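Visitor: Got a structure for you, written out below as structure tokens; questions coming shortly.
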Protein chains: 2
Amino acid sequence: MAELHLLSPAGFRASGVYAGIKQKQVPDVGLLVCDTPAAAAAVFTTNRVVAAPVTIGARHIARGRLRGIVVNSGNANACTGRQGEKDAIRMCLLAARTINARTAEFLPSSTGIIGHMLPMHFVERGIIEAGHYLGRSQEQAQLFADAILTTDLRRKSAATTFKLGKQTIHLAGVCKGSGMIGPRMKAHGSALDRSKHATMLAYLTTDARISPVLLRKMLQQATDDSFNAVTIDDHTSTNDTAAILASGASGAKIDIARATKYFADALTEVCQSLAYQIAADGEGATKVVTITVRSARTTEDARTIARTIANSPLVKTAMHGNDPNWGRIVSAAGYAGVAFDSDKCILTLQDTIVFRAGRPVSFDVEKLSRNLQAPEVTIDLQCRQGKSTATAWTCDLSREYITINADYHT
Amino acid sequence: MAELHLLSPAGFRASGVYAGIKQKQVPDVGLLVCDTPAAAAAVFTTNRVVAAPVTIGARHIARGRLRGIVVNSGNANACTGRQGEKDAIRMCLLAARTINARTAEFLPSSTGIIGHMLPMHFVERGIIEAGHYLGRSQEQAQLFADAILTTDLRRKSAATTFKLGKQTIHLAGVCKGSGMIGPRMKAHGSALDRSKHATMLAYLTTDARISPVLLRKMLQQATDDSFNAVTIDDHTSTNDTAAILASGASGAKIDIARATKYFADALTEVCQSLAYQIAADGEGATKVVTITVRSARTTEDARTIARTIANSPLVKTAMHGNDPNWGRIVSAAGYAGVAFDSDKCILTLQDTIVFRAGRPVSFDVEKLSRNLQAPEVTIDLQCRQGKSTATAWTCDLSREYITINADYHT
């Protein structure tokens with residue numbers, strides 16, 4: 001069986017080209033288009049400083065229909081004023097021309113350095129060229145996935161299928177993100193809440209038939225359990241965007257409860273795989289740290305505690321040093337600002353209980369330290385205050401993170 | 001004129017001894033005592049996981065009178081259950097015995113690793129010995145200051161005097177803090193609020209005559225403008241404590257408005273000097289970064305924005321790399337979660353305007369990068385949305401921070 005990819009769902013074409021925005025000769029402009037007006041939904045950064053493509057994208061997605069996505073890497077088009085917005089609109093205009101669509105049927109995205117005007121000469125040439133190379137092959141899906149990367153070391157992609165009766169529905173996605181990662185994305189127009197987190201971009205495709213309203217609701221739920229639960233450095237970008245296009249080409253309609261549940265599960269599965277890949281490819285990462293908080297009072301409490309642990313530089317450096325210094329984990333849970341009682345909790349580190357009910361538990365420090373020398377580390381915290389669970393993903397904090405970010409010069 | 005120090009205010013004695021808690025032979029138990037029952041106030045961590053000495057200390061300070069402070073370094077006595085509380089009380093009992101005071105007249109503090117029982121054999125011997133060595137000399141003040149240090153590279157001390165009529169009032173303090181720094185301290189019993197920040201300890205002395213209620217109010221105000229505005233890694237400790245003892249030995253009474261203002265200004269000056277010393281001695285620091293947010297809508301907004309910028313690993317690594325990557329600063333202000341409009345703001349980095357009213361400003365990147373190669377860097381953000389100002393202090397984020405914290409083994 002052929003490997004599933006972004007273009008496995010019927011009705012989509014994509015491409016990625018080198019336009020000259022990046023110094024290195026790798027793809028930096030990508031196009032993803034749907035053969036028909038797709039049902040579409042997107043969530044965006046809750047940063048109050050919003051990049052031009054997010055402003056324009058939020059406007060274009062409002063109708064719930066898109067023909068495609070146009071994206072560049074190497075420049076974020078953020079803090080670029082009115083001219084930046086004009087450039088983002090022009091990106092859409094040129095992309096739309098390649099398939100005879102309208103400007104407002106495209107969502108633009110950009111990622112890269114903040115505060116520099118887009119080199120439109122290169123961008124324009126790139127979009128026109130990308131239009132020529134649109135296709136349905138796995139290679140074209142990969143070129144699109146490559147075109148959105150910045151400091152990422154690896155291409156990120158996930159896909160799944162599920163059956164509704166005799167029909168097979170495909171769901172797939174690609175994403176980017178390595179630094180400035182700590183998204184908290186919301187559909188614009190919905191209430192902004194605490195925004196404490198970074199650029200990640202994710203684009204999803206499906207051939208299901210689904211209404212834009214239901215699609216938006218499910219994208220928000222899946223995002224909260226995936227992208228909004230991954231953090232590298234807790235720095236929310238001005239550009240974070242996750243968007244999904246549903247072509248309807250499979251003919252399978254998502255409306256009744258059972259279909260909705262299947263679709264939601266598949267979407268969450270793909271988004272979680274992508275979020276995990278972001279954590280694994282975090283700047284300087286040598287390992288992924290998965291933090292699961294159980295039996296919290298509420299889901300929001302569980303998420304807040306998991307995320308606070310994930311963001312502590314002291315926890316992240318301890319994991320880097322294979323140090324079972326669990327006091328850093330418990331104290332991070334304590335300053336999360338939500339209900340937490342160390343006298344009740346049980347903390348398990350890589351399957352070893354280290355703290356229970358307010359008191360240390362004796363364990364073999366050297367053995368646990370050896371177990372922490374793994375590409376995947378799990379922190380499991382039972383709060384014993386309720387019934388809610390949440391998971392957050394991060395990576396360790398290494399000298400390499402400093403090297404990458406102290407030397408990524410303006 | 002002799003140099004001012006912790007024991008310059010009349011009525012105090014101190015000492016510091018090596019008891020054997022730390023591996024390295026440096027002072028690890030300290031005593032600070034007042035000749036008479038001092039008016040006293042303290043603020044403590046808002047972490048929900050609270051070390052035993054904080055629980056006991058909050059109880060002992062409730063009456064507003066203390067005879068002294070007993071402190072150990074090398075072990076935090078946190079996550080140690082009932083036994084931990086008994087040990088903290090025993091520390092007070094032994095300290096009180098050295099000057100014929102009562103157990104409840106002492107405030108205990110501990111700093112060091114979390115989750116290990118205090119080695120009481122050493123601690124007890126240390127306190128008894130410290131009682132023998134109590135004295136009023138600068139050397140004894142320094143030994144006490146040394147006894148509270150952990151990963152700190154430098155002793156931290158500040159002092160000032162001011163005149164009320166013909167009387168001179170002395171105010172002095174010492175502190176510790178280098179990692180797990182991001183305090184948000186409150187008087188216990190007052191409302192806890194967002195607690196997002198680390199162990200720092202600070203002890204202040206004055207010979208002013210002042211009521212405990214007024215002292216507590218002024219300590220909270222000074223703390224908000226100093227200790228609560230310094231962050232190294234945004235990890236709030238379970239042990240953060242700042243306490244002040246007023247002996248009254250000068251005879252000068254702080255009650256009328258003018259005296260209160262003088263005292264508040266002197267207290268803030270000493271606390272800010274100590275906070276600055278913490279930032280300068282942050283783990284791995286090569287420079288202090290001072291972030292001033294001006295013309296914000298409210299003081300709370302200004303503090304939140306300043307602190308969010310101070311906590312961004314991307315801002316801190318850029319400062320380490322002498323990189324004027326101002327997009328990281330503006331985007332951090334944007335995710336602070338309070339009112340901020342990049343179209344209005346003016347950002348000045350080391351006296352060079354880099355961003356104004358939503359658009360980049362052209363500047364000499366290489367010259368500014370050279371100017372950033374300094375032991376002190378200033379970030380100045382005018383919001384132009386109101387009249388409030390706040391300052392936060394932090395340091396850059398270096399490979400050395402990783403080395404210290406990945407290798408500080410359990």
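All residue names refer to the structure tokens as shown: chains lettered A, B, ... in order, residues numbered from 1 in each chain, ligands numbered from 1 in order.
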Need the shell around stretch 257-260 of chain B: protein/DNA/RNA residues with any atom at most 9 Å away, counting only C-alpha atoms. Skip same-chain ones fewer than 5 positions apart. Format as an MDAnalysis selection string?

Guide: chainID B and resid 164 214 218 265

Visitor: Do me a favour and pick out the residues of chain B within 6 Å of chain A, using only C-alpha atoms, as number ranges by chain.

Guide: B: 47-49, 79-81, 114-115, 194-196, 317-318, 320-321, 323, 325, 327, 334-335, 337, 358-360, 399, 405-407, 409-410

Visitor: How would you write, as JSON, numbers by chain, the set of residues in stretch 76-155 of chain B that DSSP gives as helix (DSSP H, G or I)?

Guide: {"B": [81, 82, 83, 84, 85, 86, 87, 88, 89, 90, 91, 92, 93, 94, 95, 96, 97, 98, 103, 104, 105, 120, 121, 122, 123, 124, 125, 126, 127, 128, 129, 130, 131, 132, 138, 139, 140, 141, 142, 143, 144, 145, 146, 147]}

Visitor: Contacts of B:Gly135 at 7 Å or less, counting only C-alpha atoms, minus same-chain residues fewer than 4 places along, as an mmCIF file with N, CA, C and O atoms, in the first residue's frame?

Guide:
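part.cif, freshly written:
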data_model
loop_
_atom_site.group_PDB
_atom_site.id
_atom_site.type_symbol
_atom_site.label_atom_id
_atom_site.label_comp_id
_atom_site.auth_asym_id
_atom_site.auth_seq_id
_atom_site.Cartn_x
_atom_site.Cartn_y
_atom_site.Cartn_z
ATOM 1 N N ARG B 13 22.470 41.574 65.989
ATOM 2 C CA ARG B 13 23.681 40.762 65.954
ATOM 3 C C ARG B 13 23.468 39.642 64.945
ATOM 4 O O ARG B 13 22.320 39.262 64.674
ATOM 5 N N ALA B 14 24.543 39.111 64.417
ATOM 6 C CA ALA B 14 24.411 38.024 63.438
ATOM 7 C C ALA B 14 25.642 37.129 63.483
ATOM 8 O O ALA B 14 26.657 37.455 64.117
ATOM 9 N N SER B 15 25.507 35.983 62.802
ATOM 10 C CA SER B 15 26.637 35.068 62.660
ATOM 11 C C SER B 15 26.345 34.085 61.539
ATOM 12 O O SER B 15 25.204 33.941 61.097
ATOM 13 N N GLN B 140 30.781 39.608 60.754
ATOM 14 C CA GLN B 140 29.681 38.726 61.119
ATOM 15 C C GLN B 140 28.477 38.903 60.186
ATOM 16 O O GLN B 140 27.794 37.945 59.850
#

Visitor: Env of A:Thr241: 6 Å cut, atoms = only C-alpha atoms, seq-sep filter 3 positions within chain, self excluded. Answer as a list in words.

Guide: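 Skipping anything fewer than 3 positions along the chain leaves Val43, Phe44 and Leu201 of chain A.
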
Visitor: Give the answer as one residue: which of A:Arg59, A:His121, A:Lys22, A:Lys186 has the shortest atom-to-atom distance to A:Ile148, using only C-alpha atoms?

Guide: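 The closest residue to A:Ile148 is A:Lys22.
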
Visitor: Name the residues in contact with A:Trp393 at a cut-off of 8 Å, using only C-alpha atoms, excluding same-chain residues fewer than 4 positions from it; report them as a VMD selection string.

Guide: chain A and resid 229 to 231 275 to 276 279 288 to 291 310

Visitor: Those same residues - N, CA, C and O atoms - I'd like them written as a CSV table (one decimal), in the first residue's frame.

Guide:
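Result file out.csv:
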chain,number,residue,atom,x,y,z
A,229,ALA,N,-0.9,22.3,23.0
A,229,ALA,CA,-0.3,21.6,24.2
A,229,ALA,C,1.2,21.3,23.9
A,229,ALA,O,1.8,20.5,24.7
A,230,VAL,N,1.8,21.9,22.9
A,230,VAL,CA,3.2,21.7,22.7
A,230,VAL,C,3.9,23.0,22.9
A,230,VAL,O,3.4,24.0,22.6
A,231,THR,N,5.1,22.9,23.6
A,231,THR,CA,5.8,24.1,23.8
A,231,THR,C,7.3,23.8,23.8
A,231,THR,O,7.8,22.8,24.3
A,275,ALA,N,2.0,17.5,16.4
A,275,ALA,CA,2.5,18.2,17.6
A,275,ALA,C,3.7,17.5,18.2
A,275,ALA,O,4.7,18.1,18.6
A,276,TYR,N,3.6,16.2,18.3
A,276,TYR,CA,4.7,15.4,18.8
A,276,TYR,C,6.0,15.6,18.0
A,276,TYR,O,7.1,15.7,18.5
A,279,ALA,N,7.7,18.8,18.9
A,279,ALA,CA,8.5,18.6,20.2
A,279,ALA,C,9.8,17.9,19.9
A,279,ALA,O,10.8,18.3,20.4
A,288,VAL,N,12.2,13.9,23.6
A,288,VAL,CA,10.8,14.4,23.8
A,288,VAL,C,10.4,14.1,25.2
A,288,VAL,O,10.6,13.1,25.8
A,289,VAL,N,9.7,15.1,25.9
A,289,VAL,CA,9.2,14.9,27.2
A,289,VAL,C,7.7,15.0,27.1
A,289,VAL,O,7.1,16.0,26.7
A,290,THR,N,7.0,13.9,27.5
A,290,THR,CA,5.5,13.9,27.5
A,290,THR,C,5.1,14.0,28.9
A,290,THR,O,5.4,13.2,29.8
A,291,ILE,N,4.3,15.0,29.2
A,291,ILE,CA,3.8,15.3,30.6
A,291,ILE,C,2.3,15.0,30.6
A,291,ILE,O,1.5,15.7,30.0
A,310,ALA,N,6.0,21.7,31.6
A,310,ALA,CA,6.6,21.7,30.3
A,310,ALA,C,7.5,22.9,30.0
A,310,ALA,O,8.5,22.9,29.3

Visitor: Point out the residue among A:Val123, A:Met200, A:Ala58, A:Val213 with the least atom-to-atom distance to A:Gln277, counting only C-alpha atoms.

Guide: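 Among the listed residues, the smallest separation from A:Gln277 belongs to A:Met200.
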
Visitor: From the list B:Ala95, B:Ala306, B:His60, B:Lys287, which residue is nearest B:Gln373 when using only C-alpha atoms?

Guide: B:Lys287

Visitor: Between atom CA of B:Leu149 and atom CA of B:Thr199, what is the distance in Å, rounded to a tenth?

Guide: 10.4 Å

Visitor: Between atom CA of A:Ala252 and atom CA of A:Phe162, what is the distance, to one decimal in Å?

Guide: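 Atom CA of A:Phe162 lies 10.8 Å from atom CA of A:Ala252.
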
Visitor: Could you jot down the atom CA of A:Ile128 to atom CA of A:Leu94 separation for me, Å, one decimal place?

Guide: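 So the answer is 6.9 Å.
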
Visitor: From the options B:Ala52, B:Leu6, B:Ile89, B:Leu349, which residue's atoms come nearest to B:Asn77, counting only C-alpha atoms?

Guide: B:Ala52

Visitor: So that I can check the secondary structure, give me every residue of stretch 144-378 of chain B assigned strand (DSSP E) by backbone DSSP, as number ranges by chain.

Guide: B: 156-164, 167-176, 185-186, 201-206, 241-246, 288-296, 346-349, 352-356, 359-360, 376-378
